[in-house]
Amino acid sequence: MAELFLWPGTKMCEWFGVDPTKDAGLIRWMFNTLFYLCVALAVLWAVLA
């Protein structure tokens with residue numbers, strides 16, 4: 001289940017050529033945060049609009 005939630009960050013790291021396990025996964029964490037922030041904002045906008 002955890003791999004499913006980490007998939008967007010892992011794919012972004014692979015696309016940029018960065019090892020997702022380097023730096024204790026902080027780069028993958030940043031990409032996941034940005035991805036899920038956009039998803040959450042889109043859902044919030046759809047619900048409130």
# chains A, B, ... in the order shown; residues from 1 in each chain; ligands from 1
>>> residues_around(residues="range 31-40 of chain A", least_positions_apart="6", cutoff="10 Å", atoms="only C-alpha atoms", output="short mmCIF file (atom, residue, chain, number, x, y, z; two decimals) with N, CA and C atoms, in the first residue's frame")
data_model
loop_
_atom_site.label_atom_id
_atom_site.label_comp_id
_atom_site.auth_asym_id
_atom_site.auth_seq_id
_atom_site.Cartn_x
_atom_site.Cartn_y
_atom_site.Cartn_z
N PHE A 5 1.18 4.88 -2.63
CA PHE A 5 1.17 6.30 -2.27
C PHE A 5 2.48 6.99 -2.66
N LEU A 6 3.57 6.24 -2.71
CA LEU A 6 4.86 6.82 -3.06
C LEU A 6 5.14 6.79 -4.56
N TRP A 7 4.24 6.18 -5.34
CA TRP A 7 4.46 6.02 -6.77
C TRP A 7 4.67 7.34 -7.52
N PRO A 8 3.88 8.40 -7.28
CA PRO A 8 4.11 9.64 -8.05
C PRO A 8 5.50 10.21 -7.84
N GLY A 9 5.96 10.23 -6.60
CA GLY A 9 7.30 10.75 -6.32
C GLY A 9 8.39 9.89 -6.90
N THR A 10 8.20 8.58 -6.88
CA THR A 10 9.19 7.67 -7.45
C THR A 10 9.30 7.88 -8.95
N LYS A 11 8.16 8.01 -9.63
CA LYS A 11 8.17 8.22 -11.08
C LYS A 11 8.79 9.56 -11.45
N MET A 12 8.52 10.60 -10.67
CA MET A 12 9.12 11.91 -10.94
C MET A 12 10.63 11.85 -10.76
N CYS A 13 11.09 11.17 -9.72
CA CYS A 13 12.53 11.02 -9.50
C CYS A 13 13.17 10.26 -10.66
N ALA A 46 -13.44 21.38 -6.54
CA ALA A 46 -14.60 20.73 -7.15
C ALA A 46 -15.74 20.62 -6.15
#
>>> select_by_dssp(residues="chain A", states="alpha helix (DSSP H)", output="PyMOL selection string")
chain A and resi 2-16+26-48
>>> closest_residue(among="A:Leu48, A:Arg28, A:Ala42, A:Glu3", to="Trp15 in chain A", atoms="only C-alpha atoms")
A:Arg28
